[in-house]
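Source file: model-v3.pdb; contents: PDB, C-alpha atoms.
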ATOM      1  CA  MET A 695      60.560  46.408  99.963  1.00  0.00           C
ATOM      2  CA  LYS A 696      60.488  46.722 103.758  1.00  0.00           C
ATOM      3  CA  LYS A 697      61.377  43.500 105.581  1.00  0.00           C
ATOM      4  CA  GLU A 698      58.144  43.734 107.617  1.00  0.00           C
ATOM      5  CA  LEU A 699      56.131  43.747 104.376  1.00  0.00           C
ATOM      6  CA  THR A 700      58.059  40.797 102.986  1.00  0.00           C
ATOM      7  CA  PHE A 701      57.488  38.800 106.181  1.00  0.00           C
ATOM      8  CA  ALA A 702      53.766  39.658 106.258  1.00  0.00           C
ATOM      9  CA  ARG A 703      53.312  38.693 102.599  1.00  0.00           C
ATOM     10  CA  ASP A 704      55.200  35.416 103.137  1.00  0.00           C
ATOM     11  CA  ILE A 705      53.248  34.398 106.258  1.00  0.00           C
ATOM     12  CA  LEU A 706      49.929  35.034 104.475  1.00  0.00           C
ATOM     13  CA  GLU A 707      50.874  33.487 101.119  1.00  0.00           C
ATOM     14  CA  ASN A 708      49.615  29.959 101.762  1.00  0.00           C
ATOM     15  CA  THR A 709      46.596  30.678 103.923  1.00  0.00           C
ATOM     16  CA  ALA A 710      43.134  32.031 103.241  1.00  0.00           C
ATOM     17  CA  PRO A 711      40.072  33.012 105.286  1.00  0.00           C
ATOM     18  CA  LEU A 712      38.497  29.578 104.774  1.00  0.00           C
ATOM     19  CA  GLY A 713      41.700  27.558 105.137  1.00  0.00           C
ATOM     20  CA  GLY A 714      43.320  26.115 102.025  1.00  0.00           C
ATOM     21  CA  PHE A 715      40.196  26.893 100.015  1.00  0.00           C
ATOM     22  CA  ASP A 716      40.347  29.867  97.618  1.00  0.00           C
ATOM     23  CA  CYS A 717      37.283  31.736  98.842  1.00  0.00           C
ATOM     24  CA  GLY A 718      37.044  33.552  95.490  1.00  0.00           C
ATOM     25  CA  ALA A 719      35.356  30.389  94.219  1.00  0.00           C
ATOM     26  CA  LEU A 720      32.310  31.232  96.397  1.00  0.00           C
ATOM     27  CA  CYS A 721      31.579  34.476  94.587  1.00  0.00           C
ATOM     28  CA  TYR A 722      33.338  33.921  91.261  1.00  0.00           C
ATOM     29  CA  ALA A 723      36.114  36.228  92.511  1.00  0.00           C
ATOM     30  CA  ASP A 724      33.751  39.173  92.812  1.00  0.00           C
ATOM     31  CA  CYS A 725      36.369  41.004  94.878  1.00  0.00           C
ATOM     32  CA  CYS A 726      38.735  40.818  91.874  1.00  0.00           C
ATOM     33  CA  LYS A 727      36.261  42.315  89.419  1.00  0.00           C
ATOM     34  CA  GLY A 728      36.298  45.967  88.722  1.00  0.00           C
ATOM     35  CA  ASP A 729      37.213  48.532  86.182  1.00  0.00           C
ATOM     36  CA  SER A 730      40.259  50.688  85.557  1.00  0.00           C
ATOM     37  CA  ASP A 731      39.417  52.765  88.644  1.00  0.00           C
ATOM     38  CA  THR A 732      38.739  49.907  91.063  1.00  0.00           C
ATOM     39  CA  GLY A 733      41.489  48.144  92.929  1.00  0.00           C
ATOM     40  CA  MET A 734      43.037  47.330  96.276  1.00  0.00           C
ATOM     41  CA  TRP A 735      44.916  49.773  98.468  1.00  0.00           C
ATOM     42  CA  LEU A 736      48.640  49.189  98.729  1.00  0.00           C
ATOM     43  CA  PHE A 737      50.389  49.282 102.081  1.00  0.00           C
ATOM     44  CA  PRO A 738      53.257  51.788 102.494  1.00  0.00           C
ATOM     45  CA  GLY A 739      56.265  50.478 100.576  1.00  0.00           C
ATOM     46  CA  GLU A 740      54.337  47.731  98.774  1.00  0.00           C
ATOM     47  CA  GLU A 741      54.284  49.705  95.525  1.00  0.00           C
ATOM     48  CA  GLU A 742      57.927  48.701  94.987  1.00  0.00           C
ATOM     49  CA  TYR A 743      56.946  45.049  94.506  1.00  0.00           C
ATOM     50  CA  TYR A 744      54.600  45.885  91.621  1.00  0.00           C
ATOM     51  CA  SER A 745      56.727  48.429  89.763  1.00  0.00           C
ATOM     52  CA  ASP A 746      57.885  45.860  87.187  1.00  0.00           C
ATOM     53  CA  LYS A 747      55.064  43.267  87.336  1.00  0.00           C
ATOM     54  CA  ASP A 748      52.948  42.713  84.242  1.00  0.00           C
ATOM     55  CA  GLY A 749      49.168  42.722  84.644  1.00  0.00           C
ATOM     56  CA  PHE A 750      49.117  45.378  87.367  1.00  0.00           C
ATOM     57  CA  GLU A 751      48.690  49.138  87.247  1.00  0.00           C
ATOM     58  CA  ILE A 752      49.603  51.451  90.115  1.00  0.00           C
ATOM     59  CA  LYS A 753      47.325  54.456  90.439  1.00  0.00           C
ATOM     60  CA  GLN A 754      47.641  57.469  92.677  1.00  0.00           C
ATOM     61  CA  THR A 755      44.383  58.249  94.432  1.00  0.00           C
ATOM     62  CA  GLU A 756      43.001  60.766  96.870  1.00  0.00           C
ATOM     63  CA  GLY A 757      42.180  57.985  99.337  1.00  0.00           C
ATOM     64  CA  ASN A 758      44.340  55.493 101.210  1.00  0.00           C
ATOM     65  CA  PHE A 759      46.136  58.161 103.234  1.00  0.00           C
ATOM     66  CA  GLY A 760      48.238  59.177 100.229  1.00  0.00           C
ATOM     67  CA  TYR A 761      49.356  55.669  99.271  1.00  0.00           C
ATOM     68  CA  PRO A 762      48.530  54.227  95.835  1.00  0.00           C
ATOM     69  CA  MET A 763      45.963  51.729  94.661  1.00  0.00           C
ATOM     70  CA  LEU A 764      46.737  48.590  92.675  1.00  0.00           C
ATOM     71  CA  VAL A 765      44.489  47.686  89.737  1.00  0.00           C
ATOM     72  CA  CYS A 766      44.718  44.229  88.209  1.00  0.00           C
ATOM     73  CA  GLY A 767      43.060  42.505  85.287  1.00  0.00           C
ATOM     74  CA  GLY A 768      40.860  40.425  87.588  1.00  0.00           C
ATOM     75  CA  LYS A 769      43.115  37.401  87.777  1.00  0.00           C
ATOM     76  CA  CYS A 770      46.620  37.063  89.146  1.00  0.00           C
ATOM     77  CA  ASN A 771      49.038  34.527  90.478  1.00  0.00           C
ATOM     78  CA  ARG A 772      48.060  34.141  94.158  1.00  0.00           C
ATOM     79  CA  LYS A 773      51.661  34.746  95.237  1.00  0.00           C
ATOM     80  CA  ASP A 774      51.462  38.217  93.649  1.00  0.00           C
ATOM     81  CA  ARG A 775      48.376  39.339  95.596  1.00  0.00           C
ATOM     82  CA  PRO A 776      48.854  42.539  97.615  1.00  0.00           C
ATOM     83  CA  LEU A 777      48.460  42.404 101.400  1.00  0.00           C
ATOM     84  CA  ALA A 778      44.985  43.918 101.162  1.00  0.00           C
ATOM     85  CA  CYS A 779      43.887  40.891  99.101  1.00  0.00           C
ATOM     86  CA  ARG A 780      45.625  38.429 101.414  1.00  0.00           C
ATOM     87  CA  ILE A 781      43.694  39.615 104.470  1.00  0.00           C
ATOM     88  CA  TYR A 782      40.380  40.418 102.732  1.00  0.00           C
ATOM     89  CA  PRO A 783      37.595  40.410 103.956  1.00  0.00           C
ATOM     90  CA  PHE A 784      39.151  40.858 107.402  1.00  0.00           C
ATOM     91  CA  PHE A 785      41.337  43.529 108.963  1.00  0.00           C
ATOM     92  CA  PRO A 786      43.686  43.605 111.973  1.00  0.00           C
ATOM     93  CA  LEU A 787      42.817  46.395 114.428  1.00  0.00           C
ATOM     94  CA  LEU A 788      45.907  47.449 116.364  1.00  0.00           C
ATOM     95  CA  LYS A 789      46.368  48.643 119.904  1.00  0.00           C
ATOM     96  CA  LYS A 790      49.602  49.417 121.733  1.00  0.00           C
ATOM     97  CA  GLU A 791      49.448  48.509 125.399  1.00  0.00           C
ATOM     98  CA  ASN A 792      52.434  48.576 127.759  1.00  0.00           C
ATOM     99  CA  GLY A 793      54.827  48.515 124.797  1.00  0.00           C
ATOM    100  CA  LYS A 794      53.149  45.456 123.263  1.00  0.00           C
ATOM    101  CA  ILE A 795      51.090  45.315 120.107  1.00  0.00           C
ATOM    102  CA  LYS A 796      47.639  43.779 120.465  1.00  0.00           C
ATOM    103  CA  VAL A 797      45.842  42.693 117.317  1.00  0.00           C
ATOM    104  CA  ARG A 798      42.082  42.234 117.081  1.00  0.00           C
ATOM    105  CA  PRO A 799      40.874  40.756 113.783  1.00  0.00           C
ATOM    106  CA  ILE A 800      37.598  42.248 112.559  1.00  0.00           C
ATOM    107  CA  ARG A 801      35.363  41.770 109.567  1.00  0.00           C
ATOM    108  CA  ASP A 802      36.054  44.543 107.069  1.00  0.00           C
ATOM    109  CA  ILE A 803      32.665  46.207 106.630  1.00  0.00           C
ATOM    110  CA  ARG A 804      33.736  47.590 103.239  1.00  0.00           C
ATOM    111  CA  GLY A 805      33.289  44.091 101.753  1.00  0.00           C
ATOM    112  CA  MET A 806      29.839  43.461 103.203  1.00  0.00           C
ATOM    113  CA  ASN A 807      28.038  43.876  99.853  1.00  0.00           C
ATOM    114  CA  SER A 808      30.306  41.669  97.794  1.00  0.00           C
ATOM    115  CA  CYS A 809      31.739  38.981 100.057  1.00  0.00           C
ATOM    116  CA  PRO A 810      29.724  35.851 100.930  1.00  0.00           C
ATOM    117  CA  ILE A 811      32.022  35.213 103.904  1.00  0.00           C
ATOM    118  CA  LEU A 812      30.752  38.442 105.450  1.00  0.00           C
ATOM    119  CA  LYS A 813      27.181  38.174 104.180  1.00  0.00           C
ATOM    120  CA  ASN A 814      26.829  34.704 105.705  1.00  0.00           C
ATOM    121  CA  ASN A 815      28.876  35.505 108.816  1.00  0.00           C
ATOM    122  CA  LYS A 816      31.266  32.605 108.157  1.00  0.00           C
ATOM    123  CA  LYS A 817      33.919  32.012 110.773  1.00  0.00           C
ATOM    124  CA  PRO A 818      37.473  32.333 109.420  1.00  0.00           C
ATOM    125  CA  ASP A 819      40.022  29.540 109.654  1.00  0.00           C
ATOM    126  CA  ARG A 820      42.108  29.689 112.857  1.00  0.00           C
ATOM    127  CA  LYS A 821      45.361  29.276 110.938  1.00  0.00           C
ATOM    128  CA  PHE A 822      44.439  32.291 108.819  1.00  0.00           C
ATOM    129  CA  ILE A 823      43.642  34.395 111.903  1.00  0.00           C
ATOM    130  CA  ARG A 824      46.958  33.413 113.534  1.00  0.00           C
ATOM    131  CA  ALA A 825      48.842  34.271 110.339  1.00  0.00           C
ATOM    132  CA  MET A 826      47.060  37.643 110.059  1.00  0.00           C
ATOM    133  CA  ARG A 827      47.889  38.470 113.692  1.00  0.00           C
ATOM    134  CA  LEU A 828      51.536  37.529 113.198  1.00  0.00           C
ATOM    135  CA  ALA A 829      51.710  39.544 109.972  1.00  0.00           C
ATOM    136  CA  ALA A 830      50.099  42.581 111.661  1.00  0.00           C
ATOM    137  CA  ARG A 831      52.539  42.428 114.594  1.00  0.00           C
ATOM    138  CA  SER A 832      55.417  42.368 112.128  1.00  0.00           C
ATOM    139  CA  LEU A 833      54.007  45.313 110.161  1.00  0.00           C
ATOM    140  CA  ALA A 834      53.442  47.262 113.375  1.00  0.00           C
ATOM    141  CA  ARG A 835      57.185  47.216 114.153  1.00  0.00           C
ATOM    142  CA  ASP A 836      57.624  49.779 111.389  1.00  0.00           C
ATOM    143  CA  GLU A 837      56.283  53.185 112.454  1.00  0.00           C
ATOM    144  CA  GLU A 838      54.898  54.086 109.023  1.00  0.00           C
ATOM    145  CA  LEU A 839      53.110  50.731 108.684  1.00  0.00           C
ATOM    146  CA  PHE A 840      51.785  50.930 112.256  1.00  0.00           C
ATOM    147  CA  ASP A 841      50.334  54.392 111.581  1.00  0.00           C
ATOM    148  CA  TYR A 842      48.811  53.160 108.308  1.00  0.00           C
ATOM    149  CA  LEU A 843      47.131  50.155 109.956  1.00  0.00           C
ATOM    150  CA  LYS A 844      45.911  52.257 112.868  1.00  0.00           C
ATOM    151  CA  ASN A 845      44.467  54.980 110.609  1.00  0.00           C
ATOM    152  CA  LEU A 846      42.810  52.462 108.293  1.00  0.00           C
ATOM    153  CA  GLY A 847      41.403  50.575 111.288  1.00  0.00           C
ATOM    154  CA  ASP A 848      39.933  53.803 112.631  1.00  0.00           C
ATOM    155  CA  GLU A 849      38.393  54.520 109.212  1.00  0.00           C
ATOM    156  CA  ILE A 850      36.827  51.051 109.009  1.00  0.00           C
ATOM    157  CA  CYS A 851      35.362  51.483 112.485  1.00  0.00           C
ATOM    158  CA  GLU A 852      33.977  54.882 111.509  1.00  0.00           C
ATOM    159  CA  ILE A 853      32.290  53.360 108.466  1.00  0.00           C
ATOM    160  CA  ALA A 854      30.847  50.626 110.670  1.00  0.00           C
ATOM    161  CA  GLU A 855      29.822  53.244 113.225  1.00  0.00           C
ATOM    162  CA  LEU A 856      31.624  51.480 116.053  1.00  0.00           C
ATOM    163  CA  PRO A 857      31.607  53.471 119.280  1.00  0.00           C
ATOM    164  CA  CYS A 858      34.915  55.292 118.988  1.00  0.00           C
ATOM    165  CA  THR A 859      34.373  58.206 121.348  1.00  0.00           C
ATOM    166  CA  GLN A 860      35.086  58.329 125.052  1.00  0.00           C
ATOM    167  CA  ASN A 861      33.111  61.524 125.521  1.00  0.00           C
ATOM    168  CA  LYS A 862      31.980  64.414 123.341  1.00  0.00           C
ATOM    169  CA  GLU A 863      35.181  66.417 123.814  1.00  0.00           C
ATOM    170  CA  LYS A 864      37.800  63.690 123.626  1.00  0.00           C
ATOM    171  CA  LYS A 865      37.880  61.304 120.685  1.00  0.00           C
ATOM    172  CA  ARG A 866      39.855  58.119 121.034  1.00  0.00           C
ATOM    173  CA  SER A 867      40.788  55.628 118.375  1.00  0.00           C
ATOM    174  CA  ALA A 868      38.643  52.614 117.614  1.00  0.00           C
ATOM    175  CA  ALA A 869      41.569  50.381 118.466  1.00  0.00           C
ATOM    176  CA  GLU A 870      41.670  51.772 122.009  1.00  0.00           C
ATOM    177  CA  GLY A 871      38.105  50.713 122.639  1.00  0.00           C
ATOM    178  CA  PHE A 872      37.851  47.466 120.749  1.00  0.00           C
ATOM    179  CA  GLN A 873      37.896  45.148 123.742  1.00  0.00           C
ATOM    180  CA  SER A 874      34.538  46.271 125.090  1.00  0.00           C
ATOM    181  CA  SER A 875      32.570  46.169 121.847  1.00  0.00           C
ATOM    182  CA  ARG A 876      30.617  43.048 120.885  1.00  0.00           C
ATOM    183  CA  LEU A 877      29.414  44.000 117.408  1.00  0.00           C
ATOM    184  CA  ILE A 878      29.187  41.570 114.525  1.00  0.00           C
ATOM    185  CA  LEU A 879      32.422  42.958 113.080  1.00  0.00           C
ATOM    186  CA  PHE A 880      34.441  41.201 115.721  1.00  0.00           C
ATOM    187  CA  ILE A 881      35.408  37.611 115.157  1.00  0.00           C
TER
END

Spell out the structure here as structure tokens.
Amino acid sequence: MKKELTFARDILENTAPLGGFDCGALCYADCCKGDSDTGMWLFPGEEEYYSDKDGFEIKQTEGNFGYPMLVCGGKCNRKDRPLACRIYPFFPLLKKENGKIKVRPIRDIRGMNSCPILKNNKKPDRKFIRAMRLAARSLARDEELFDYLKNLGDEICEIAELPCTQNKEKKRSAAEGFQSSRLILFI
């Protein structure tokens, strides 16, 4: 597995959106419930970690920019959670500026119907936000992972209908314009 993925997984292993509290207890792990076609997107290269793990199934899908989805039985060892679960229900928007990576954590609108953290507009733990930023900066050092995060961030902003256009002719990414927006998605 890519060293950037390993670092990101490690930094996020012992933190959660509400601090040391497993937020799945708020909703009876609603985000872990699904069927054989419901799961979490895997980041590029993360599939390798799950190739020999029991209790997980890797599925190819038409979504996720060509990367697979991970389906679990609804309960797993927290250290085996994929990155998508470790950052849920938030997402790190990326922006490159003067050779530096800027990370803007947002609420992931895709979880709005199932996650009480989003429904009740709960503020995430600062330690979690710092860990997510550090993990995102590490991931962004790899070109494939940077492109994945950027594309997924743009998709989330499109779903949320964030203003992502500079003018009618020239479209810019959501990450390029995130500083000026004050929508509820931003933390």

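Once the PyMOL selection byres ((chain A and resi 854) around 9) is applied to this file, the selection holds A:Asp802, A:Ile803, A:Arg804, A:Glu849, A:Ile850, A:Cys851, A:Glu852, A:Ile853, A:Glu855, A:Leu856, A:Leu879.
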
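Taking all atoms listed in the file, the non-local environment of range 773-776 of chain A within 8 Å (same-chain residues fewer than 5 positions away omitted) comprises Arg703, Glu707, Met734, Leu736 and Glu740 of chain A.
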
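Among the candidates A:Leu788, A:Asn771, A:Ser730, A:Glu751, the one nearest to Arg827 in chain A when counting only C-alpha atoms is A:Leu788.
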
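Of the listed residues A:Leu777, A:Ile823, A:Leu812, A:Leu839, the one whose atoms come nearest to Ala702 in chain A is A:Leu777, with distances taken using only C-alpha atoms.
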
To test the calculation: enclose all listed atoms of range 848-851 of chain A in a box whose edges run along x, y and z, add 5 Å on each side, then state centre and edge lengths in Å to one decimal, as lines of an AutoDock Vina configuration file.
center_x = 37.6
center_y = 52.8
center_z = 110.8
size_x = 14.6
size_y = 13.5
size_z = 13.6

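Distances here use only C-alpha atoms; by that measure, the residue among A:Cys770, A:Leu787, A:Lys794, A:Gly713 closest to Arg835 in chain A is A:Lys794.
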
Selection result for the PyMOL selection byres ((chain A and resi 742) around 12) on this file, as a ChimeraX atom specification
/A:695-696,699-700,736-741,743-747,752,761-762,764,776

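CA of Met826 in chain A is positioned 6.8 Å from CA of Ile781 in chain A.
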
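Nearest to Ala778 in chain A of all the residues A:Pro810, A:Arg824, A:Tyr722, A:Leu706 is A:Leu706, counting only C-alpha atoms.
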
Restricting the calculation to all atoms listed in the file, which member of A:Lys813, A:Arg780, A:Arg798, A:Lys753 is positioned closest to Cys721 in chain A?
A:Lys813

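Residue nearest Leu843 in chain A within the list A:Gly733, A:Pro786, A:Pro799, A:Pro711: A:Pro786 [criterion: smallest interatomic distance, only C-alpha atoms].
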
Matched chain/residue IDs from the PyMOL selection byres ((chain A and resi 749) around 6), as a list in words
Asp748, Phe750 and Cys766 of chain A

Surrounding residues of Asp841 in chain A excluding itself and chain neighbours under 4 positions, 12 Å, only C-alpha atoms, as a count of residues only
19

Take CA of Pro783 in chain A and CA of Arg801 in chain A and report the distance between them in Å, one decimal.
6.2 Å

Please indicate the distance in Å from CA of Lys816 in chain A to CA of Leu712 in chain A, rounded to one decimal place.
8.5 Å

Complete range 776-787 of chain A at the level of all heavy atoms, written as a compact mmCIF listing (two decimals), in the coordinates of the input.
# COMPACT_ATOMS: atom_id res chain seq x y z
N PRO A 776 48.42 41.57 96.60
CA PRO A 776 48.85 42.54 97.62
C PRO A 776 48.33 42.14 98.99
O PRO A 776 47.44 41.29 99.11
CB PRO A 776 48.24 43.86 97.15
CG PRO A 776 47.09 43.48 96.30
CD PRO A 776 47.44 42.15 95.68
N LEU A 777 48.88 42.73 100.03
CA LEU A 777 48.46 42.40 101.40
C LEU A 777 46.97 42.61 101.60
O LEU A 777 46.32 41.82 102.28
CB LEU A 777 49.23 43.26 102.41
CG LEU A 777 50.58 42.71 102.82
CD1 LEU A 777 51.33 43.72 103.67
CD2 LEU A 777 50.45 41.40 103.55
N ALA A 778 46.42 43.66 101.01
CA ALA A 778 44.98 43.92 101.16
C ALA A 778 44.16 42.73 100.67
O ALA A 778 43.13 42.39 101.27
CB ALA A 778 44.59 45.19 100.42
N CYS A 779 44.60 42.07 99.61
CA CYS A 779 43.89 40.89 99.10
C CYS A 779 44.12 39.68 100.01
O CYS A 779 43.22 38.87 100.19
CB CYS A 779 44.36 40.54 97.70
SG CYS A 779 43.87 41.73 96.44
N ARG A 780 45.30 39.59 100.58
CA ARG A 780 45.62 38.43 101.41
C ARG A 780 44.83 38.41 102.72
O ARG A 780 44.59 37.34 103.26
CB ARG A 780 47.13 38.40 101.70
CG ARG A 780 47.93 38.10 100.45
CD ARG A 780 49.42 38.33 100.68
NE ARG A 780 50.10 38.32 99.41
CZ ARG A 780 51.11 37.55 99.10
NH1 ARG A 780 51.59 36.70 99.98
NH2 ARG A 780 51.67 37.61 97.91
N ILE A 781 44.45 39.57 103.21
CA ILE A 781 43.69 39.62 104.47
C ILE A 781 42.20 39.81 104.25
O ILE A 781 41.42 39.63 105.18
CB ILE A 781 44.23 40.70 105.43
CG1 ILE A 781 44.07 42.10 104.85
CG2 ILE A 781 45.65 40.40 105.83
CD1 ILE A 781 44.44 43.22 105.80
N TYR A 782 41.78 40.16 103.04
CA TYR A 782 40.38 40.42 102.73
C TYR A 782 39.55 39.17 102.96
O TYR A 782 39.97 38.08 102.60
CB TYR A 782 40.27 40.87 101.27
CG TYR A 782 38.88 41.26 100.85
CD1 TYR A 782 38.40 42.52 101.12
CD2 TYR A 782 38.05 40.35 100.21
CE1 TYR A 782 37.11 42.88 100.75
CE2 TYR A 782 36.77 40.70 99.83
CZ TYR A 782 36.31 41.97 100.11
OH TYR A 782 35.04 42.32 99.74
N PRO A 783 38.39 39.26 103.55
CA PRO A 783 37.60 40.41 103.96
C PRO A 783 37.73 40.74 105.45
O PRO A 783 36.77 41.14 106.10
CB PRO A 783 36.17 39.97 103.64
CG PRO A 783 36.18 38.51 103.99
CD PRO A 783 37.57 38.03 103.60
N PHE A 784 38.92 40.56 106.00
CA PHE A 784 39.15 40.86 107.40
C PHE A 784 40.21 41.94 107.53
O PHE A 784 40.87 42.30 106.55
CB PHE A 784 39.57 39.58 108.15
CG PHE A 784 38.51 38.53 108.10
CD1 PHE A 784 38.55 37.52 107.15
CD2 PHE A 784 37.44 38.57 108.97
CE1 PHE A 784 37.55 36.57 107.07
CE2 PHE A 784 36.43 37.62 108.90
CZ PHE A 784 36.49 36.62 107.95
N PHE A 785 40.35 42.48 108.73
CA PHE A 785 41.34 43.53 108.96
C PHE A 785 41.84 43.43 110.40
O PHE A 785 41.05 43.16 111.31
CB PHE A 785 40.72 44.92 108.74
CG PHE A 785 41.74 46.01 108.79
CD1 PHE A 785 42.52 46.30 107.69
CD2 PHE A 785 41.97 46.70 109.98
CE1 PHE A 785 43.49 47.28 107.75
CE2 PHE A 785 42.94 47.68 110.05
CZ PHE A 785 43.70 47.97 108.93
N PRO A 786 43.14 43.66 110.61
CA PRO A 786 43.69 43.60 111.97
C PRO A 786 43.68 44.97 112.67
O PRO A 786 44.47 45.85 112.33
CB PRO A 786 45.13 43.12 111.74
CG PRO A 786 45.49 43.70 110.40
CD PRO A 786 44.20 43.73 109.61
N LEU A 787 42.78 45.17 113.62
CA LEU A 787 42.82 46.40 114.43
C LEU A 787 44.01 46.31 115.37
O LEU A 787 44.25 45.27 115.97
CB LEU A 787 41.56 46.52 115.27
CG LEU A 787 40.32 47.13 114.67
CD1 LEU A 787 39.22 47.23 115.72
CD2 LEU A 787 40.58 48.47 114.05
